[in-house]
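Below you'll find the structure, written out as structure tokens, and then a few comments.
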Amino acid sequence: MVWTTGRGIPERTTTAIGRWYSFHGKFIITEQSSIVLSANFTRVNELDACIIIRNEKPFNNHFLTKFQELLRLFVNENGGYSGKIRQEIIDSNLNNTDDIFDLPNVIETETHRKNWVRHYPASMCPDDINIKEKLYIAPFDVKGRKIYEKTLNESEDFVYISAESFTDVDFGLYLRKLKNSKRINIKLLTGSTSMDFTNRIQKMYRELLANDIQLFTLKNNLHAKLVITDKHLLVGSLNLNKMNLGFNKTKKFWRENTETFFTTTDFHLIETAKSQFENQLSNSIKMEEKLSNKIQGDVSKLLNKSFKIKTKKEVKELFSKFILYEEINTKKDANKLVRITKKLMQHYNIRTANKELFFMSLILFYLQSRKHTFSEIEYKLNELETVPNLNTLFDKLSESGFAVVEHEFYKLNIDSLF
């Protein structure tokens with residue numbers, strides 16, 4: 001048995017890829033096995049992911065139940081409409097539900113009148129669950145965004161993610177916060193050729209790289225969608241896009257593709273998936289290469305128009321890589337300074353950082369690279385602003401154990417700071 005259909009509103013969102021399909025899930029049931037996969041039934045040669053569960057009756061029965069649930073919700077005739085989803089939305093007793101079923105202007109016929117649903121009452125889409133070894137239908141078992149966040153929050157060592165596309169800026173911000181709070185190893189394998197690989201997405205990728213989140217892509221088509229952590233393996237249909245992960249249309253309504261995915265805590269499966277993922281990374285391309293390619297046009301203008309310099313293609317490529325890496329390193333330095341500032345705020349019990357605390361943080365930032373004399377630090381700080389009480393700041397850092405004096409040099413006390 002195979003379930004494939006389309007249902008919903010085919011509008012592009014700011015992070016949608018191509019045509020929007022309300023049903024995006026993929027799974028197969030036979031009398032011999034249950035299969036969860038990211039693949040579509042097409043002739044396209046692409047990298048996909050799947051889990052095959054063979055000859056296990058409880059799982060086959062479970063998968064069949066989920067298949068029948070989809071039929072009940074979206075297919076079986078109910079009161080002149082396709083599926084029971086319309087009636088369940090009406091039964092939620094929310095006000096202003098009529099517009100949920102309105103056909104948008106982009107639809108020219110009445111073909112979809114009997115099965116049109118724009119979004120769902122948030123009450124039908126759970127936020128939190130206990131992750132179990134089972135097949136889930138999002139957003140009715142759990143919101144796609146919430147299952148990803150919960151899976152990643154429970155990790156303690158590493159997070160590996162594969163997605164055909166990654167355009168959701170909110171999820172990018174979530175990953176940066178996760179990295180800064182847990183300092184775990186995060187690697188993403190994703191596509192870089194989508195129509196939404198815009199300046200906004202490239203900026204998001206730069207921010208992720210600056211937070212030491214590694215990004216990779218492939219030369220060939222990538223379609224695999226999975227999450228691997230030290231605690232869980234998740235395989236299914238979710239991309240890192242707004243419509244796949246879902247979002248609040250309003251406080252009372254949730255909009256998301258209908259997605260399917262399977263989760264397991266089986267250690268053997270996790271280790272196998274981790275090994276296969278790392279093997280793919282060994283044959284992948286660092287996202288920095290794609291990002292540097294995107295700025296070669298600007299580099300050409302800089303060299304040719306501003307400086308009247310003719311260069312070979314490989315020199316332009318090197319200039320592009322240099323500019324990109326310098327930009328990322330600058331962002332990394334800014335993140336280091338913020339982390340030091342946060343550390344000092346916690347130590348001195350300060351809720352709002354003031355100018356004195358900022359300069360103390362900047363002193364420690366400079367001391368990270370090497371020891372400095374008083375005059376060297378004074379010169380660097382004066383490039384921003386004259387600091388009249390610099391001696392007082394050094395004394396305060398020394399008294400707190402963050403910096404120590406060695407002859408005429410100040411150096412960082414690593415153990416005390418980190």
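Lettering and numbering for the structure tokens are positional, with chains as A, B, ... in the shown order, residues counted from 1 in each chain, and ligands counted from 1 in the shown order.
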
Stretch 229-393 of chain A: residues DSSP assigns to alpha helix (DSSP H), reported as a VMD selection string
chain A and resid 242 to 245 267 to 282 287 to 294 296 to 301 313 to 348 355 to 369 374 to 382 390 to 393

Using DSSP assignments from the backbone, pull out every residue in stretch 230-392 of chain A that falls under strand (DSSP E or B) and give it to me as a VMD selection string.
chain A and resid 233 to 236 240 247 to 248 253 to 255 258 to 264 285 to 286 372 to 373

Nearest residue to A:Tyr410 from the set A:Lys26, A:His347, A:Lys182, A:Lys371 (distances using only C-alpha atoms):
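Among A:Lys26, A:His347, A:Lys182, A:Lys371, it is A:Lys371 that comes nearest to A:Tyr410.
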
For A:Lys249, which residue out of A:Tyr148, A:Tyr120, A:Phe374, A:Phe359 is the nearest one, using only C-alpha atoms?
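Going through A:Tyr148, A:Tyr120, A:Phe374, A:Phe359 one by one, the smallest distance to A:Lys249 is for A:Tyr120.
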
Give me, as a PyMOL selection string, all polymer residues having an atom no more than 10 Å from A:Ile377, counting only C-alpha atoms and skipping those fewer than 5 positions away in the same chain.
chain A and resi 362-364+366-367+371-372+382+390+410

Can you write just those residues out, N, CA and C atoms, as a PDB file, in the first residue's frame?
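The resulting part-v8.pdb:
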ATOM      1  N   LEU A 362      36.266  43.045  26.346  1.00  0.00           N
ATOM      2  CA  LEU A 362      37.155  43.243  25.207  1.00  0.00           C
ATOM      3  C   LEU A 362      38.607  42.990  25.586  1.00  0.00           C
ATOM      4  N   ILE A 363      38.990  43.369  26.797  1.00  0.00           N
ATOM      5  CA  ILE A 363      40.351  43.072  27.275  1.00  0.00           C
ATOM      6  C   ILE A 363      40.590  41.566  27.269  1.00  0.00           C
ATOM      7  N   LEU A 364      39.637  40.815  27.830  1.00  0.00           N
ATOM      8  CA  LEU A 364      39.788  39.353  27.870  1.00  0.00           C
ATOM      9  C   LEU A 364      39.755  38.754  26.464  1.00  0.00           C
ATOM     10  N   TYR A 366      40.969  40.144  23.738  1.00  0.00           N
ATOM     11  CA  TYR A 366      42.307  40.327  23.165  1.00  0.00           C
ATOM     12  C   TYR A 366      43.329  39.399  23.813  1.00  0.00           C
ATOM     13  N   LEU A 367      43.162  39.135  25.095  1.00  0.00           N
ATOM     14  CA  LEU A 367      44.109  38.262  25.799  1.00  0.00           C
ATOM     15  C   LEU A 367      43.958  36.803  25.390  1.00  0.00           C
ATOM     16  N   LYS A 371      49.391  37.068  25.212  1.00  0.00           N
ATOM     17  CA  LYS A 371      49.542  38.013  26.312  1.00  0.00           C
ATOM     18  C   LYS A 371      49.876  39.407  25.750  1.00  0.00           C
ATOM     19  N   HIS A 372      49.442  40.445  26.454  1.00  0.00           N
ATOM     20  CA  HIS A 372      49.622  41.823  26.013  1.00  0.00           C
ATOM     21  C   HIS A 372      50.208  42.658  27.146  1.00  0.00           C
ATOM     22  N   ASN A 382      41.653  52.231  22.553  1.00  0.00           N
ATOM     23  CA  ASN A 382      41.531  53.628  22.140  1.00  0.00           C
ATOM     24  C   ASN A 382      41.078  53.772  20.692  1.00  0.00           C
ATOM     25  N   LEU A 390      41.323  52.549  32.825  1.00  0.00           N
ATOM     26  CA  LEU A 390      41.805  51.242  32.373  1.00  0.00           C
ATOM     27  C   LEU A 390      42.514  50.489  33.489  1.00  0.00           C
ATOM     28  N   TYR A 410      50.050  41.088  30.702  1.00  0.00           N
ATOM     29  CA  TYR A 410      48.801  40.523  31.201  1.00  0.00           C
ATOM     30  C   TYR A 410      48.445  39.319  30.330  1.00  0.00           C
TER      31      TYR A 410
END

Pick out the residues sitting within 7 Å of stretch 62-69 of chain A, and hand them over as a PyMOL selection string; count only C-alpha atoms, and ignore anything fewer than 6 positions along from it in its own chain.
chain A and resi 29+34+135

Take the residues from that selection and write them out as a PDB file, in the first residue's frame, keeping N, CA and C atoms.
ATOM      1  N   ILE A  29       3.487   0.142   3.039  1.00  0.00           N
ATOM      2  CA  ILE A  29       3.149  -1.036   3.835  1.00  0.00           C
ATOM      3  C   ILE A  29       2.903  -2.204   2.881  1.00  0.00           C
ATOM      4  N   SER A  34       7.300  -2.812   6.579  1.00  0.00           N
ATOM      5  CA  SER A  34       6.862  -1.421   6.659  1.00  0.00           C
ATOM      6  C   SER A  34       8.081  -0.556   6.357  1.00  0.00           C
ATOM      7  N   LEU A 135       5.480   5.515  13.958  1.00  0.00           N
ATOM      8  CA  LEU A 135       5.250   6.388  12.824  1.00  0.00           C
ATOM      9  C   LEU A 135       4.358   7.539  13.273  1.00  0.00           C
TER      10      LEU A 135
END

Nearest to A:Tyr325 among A:Asp102, A:Asp91, A:Asp298, A:Glu207, with distances taken over only C-alpha atoms: which residue is it?
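For A:Tyr325, the nearest of the given residues is A:Glu207.
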
Could you give me, as a list in words, the residues within 7 Å of A:Leu234, counting only C-alpha atoms and dropping anything in the same chain fewer than 3 positions from it?
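Non-adjacent residues within range: Leu226, Val227, Ile228, Phe261, Phe262, Thr263 and Thr264 of chain A.
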
Can I get the selection written as a tab-separated table (two decimals), in the first residue's frame, with C-alpha atoms?
chain	number	residue	atom	x	y	z
A	226	LEU	CA	16.67	12.59	8.56
A	227	VAL	CA	17.98	13.55	11.98
A	228	ILE	CA	20.62	11.53	13.84
A	261	PHE	CA	8.30	10.33	9.95
A	262	PHE	CA	9.53	7.43	12.07
A	263	THR	CA	11.62	7.72	15.22
A	264	THR	CA	13.71	5.11	17.02

If we count only C-alpha atoms and set the cut-off at 8 Å, which residues sit around stretch 142-146 of chain A, ignoring sequence neighbours fewer than 5 positions away in its own chain? Please answer as a compact mmCIF listing (two decimals) with C-alpha atoms, in the first residue's frame.
# COMPACT_ATOMS: atom_id res chain seq x y z
CA CYS A 125 -1.74 20.04 16.56
CA PRO A 126 0.10 19.00 19.76
CA ASP A 127 3.22 20.85 20.89
CA ASP A 128 4.79 18.21 23.08
CA ILE A 129 5.01 14.41 23.19
CA TYR A 136 4.01 9.94 13.32
CA ILE A 137 1.74 12.08 11.19
CA LEU A 238 10.46 16.88 6.75
CA ASN A 244 7.42 21.41 6.30
CA LEU A 245 8.20 22.41 9.89
CA GLY A 246 4.98 24.40 10.25
CA PHE A 247 4.20 27.82 11.68
CA GLU A 256 1.87 22.86 7.93
CA GLU A 259 4.25 14.99 6.93

Could you build a table of the residues in stretch 184-244 of chain A lying no more than 8 Å from stretch 36-47 of chain A, giving for each the nearest pair of atoms and their separation in Å rounded to one decimal place, using only C-alpha atoms, ordered by chain and ascending residue number, as JSON lines?
{"residue": "A:Asn220", "atom": "CA", "partner": "A:Glu46", "partner_atom": "CA", "distance": 6.8}
{"residue": "A:Asn221", "atom": "CA", "partner": "A:Glu46", "partner_atom": "CA", "distance": 4.6}
{"residue": "A:Leu222", "atom": "CA", "partner": "A:Leu47", "partner_atom": "CA", "distance": 4.9}
{"residue": "A:His223", "atom": "CA", "partner": "A:Leu47", "partner_atom": "CA", "distance": 5.5}
{"residue": "A:Ala224", "atom": "CA", "partner": "A:Ser38", "partner_atom": "CA", "distance": 5.7}
{"residue": "A:Lys225", "atom": "CA", "partner": "A:Ser38", "partner_atom": "CA", "distance": 5.8}
{"residue": "A:Val235", "atom": "CA", "partner": "A:Leu37", "partner_atom": "CA", "distance": 6.7}
{"residue": "A:Gly236", "atom": "CA", "partner": "A:Ser38", "partner_atom": "CA", "distance": 5.3}
{"residue": "A:Ser237", "atom": "CA", "partner": "A:Ser38", "partner_atom": "CA", "distance": 5.0}

Write the residues of the selection above to a file with N, CA and C atoms, as an mmCIF file, in the first residue's frame.
data_model
loop_
_atom_site.group_PDB
_atom_site.id
_atom_site.type_symbol
_atom_site.label_atom_id
_atom_site.label_comp_id
_atom_site.auth_asym_id
_atom_site.auth_seq_id
_atom_site.Cartn_x
_atom_site.Cartn_y
_atom_site.Cartn_z
ATOM 1 N N ASN A 220 25.597 15.890 -6.490
ATOM 2 C CA ASN A 220 24.406 15.262 -7.044
ATOM 3 C C ASN A 220 23.156 15.680 -6.271
ATOM 4 N N ASN A 221 21.995 15.247 -6.732
ATOM 5 C CA ASN A 221 20.731 15.614 -6.086
ATOM 6 C C ASN A 221 20.627 15.014 -4.691
ATOM 7 N N LEU A 222 20.272 15.844 -3.743
ATOM 8 C CA LEU A 222 20.080 15.406 -2.358
ATOM 9 C C LEU A 222 18.597 15.499 -2.027
ATOM 10 N N HIS A 223 18.013 14.393 -1.542
ATOM 11 C CA HIS A 223 16.597 14.366 -1.191
ATOM 12 C C HIS A 223 16.359 13.737 0.181
ATOM 13 N N ALA A 224 17.430 13.250 0.817
ATOM 14 C CA ALA A 224 17.313 12.566 2.105
ATOM 15 C C ALA A 224 16.912 13.535 3.205
ATOM 16 N N LYS A 225 16.010 13.062 4.073
ATOM 17 C CA LYS A 225 15.512 13.874 5.183
ATOM 18 C C LYS A 225 15.583 13.031 6.456
ATOM 19 N N VAL A 235 13.631 9.504 10.585
ATOM 20 C CA VAL A 235 13.629 9.445 9.121
ATOM 21 C C VAL A 235 12.232 9.748 8.625
ATOM 22 N N GLY A 236 12.107 10.602 7.621
ATOM 23 C CA GLY A 236 10.780 10.922 7.114
ATOM 24 C C GLY A 236 10.799 11.906 5.981
ATOM 25 N N SER A 237 9.824 12.821 5.983
ATOM 26 C CA SER A 237 9.600 13.704 4.836
ATOM 27 C C SER A 237 9.874 15.168 5.128
#

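With only C-alpha atoms as the basis for measurement, A:Ser192 is the residue among A:Ser181, A:Ser192, A:Thr97, A:Ser320 that approaches A:Lys290 most closely.
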
When you count only C-alpha atoms, which of these residues is closest to A:Glu289: A:Thr392, A:Gln202, A:Asn248, A:Asn115?
A:Gln202

Got a sec: who's within 7 Å of A:Glu317, counting only C-alpha atoms, leaving out chain neighbours fewer than 4 positions off, as a list in words?
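Final neighbour list, sorted by chain and number: Gln296, Lys313 and Lys321 of chain A.
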
Could you tell me which of A:Lys219, A:Lys342, A:Lys134, A:Arg255 comes closest to A:Ile100 if we count only C-alpha atoms?
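Between A:Lys219, A:Lys342, A:Lys134, A:Arg255, the residue approaching A:Ile100 most closely is A:Arg255.
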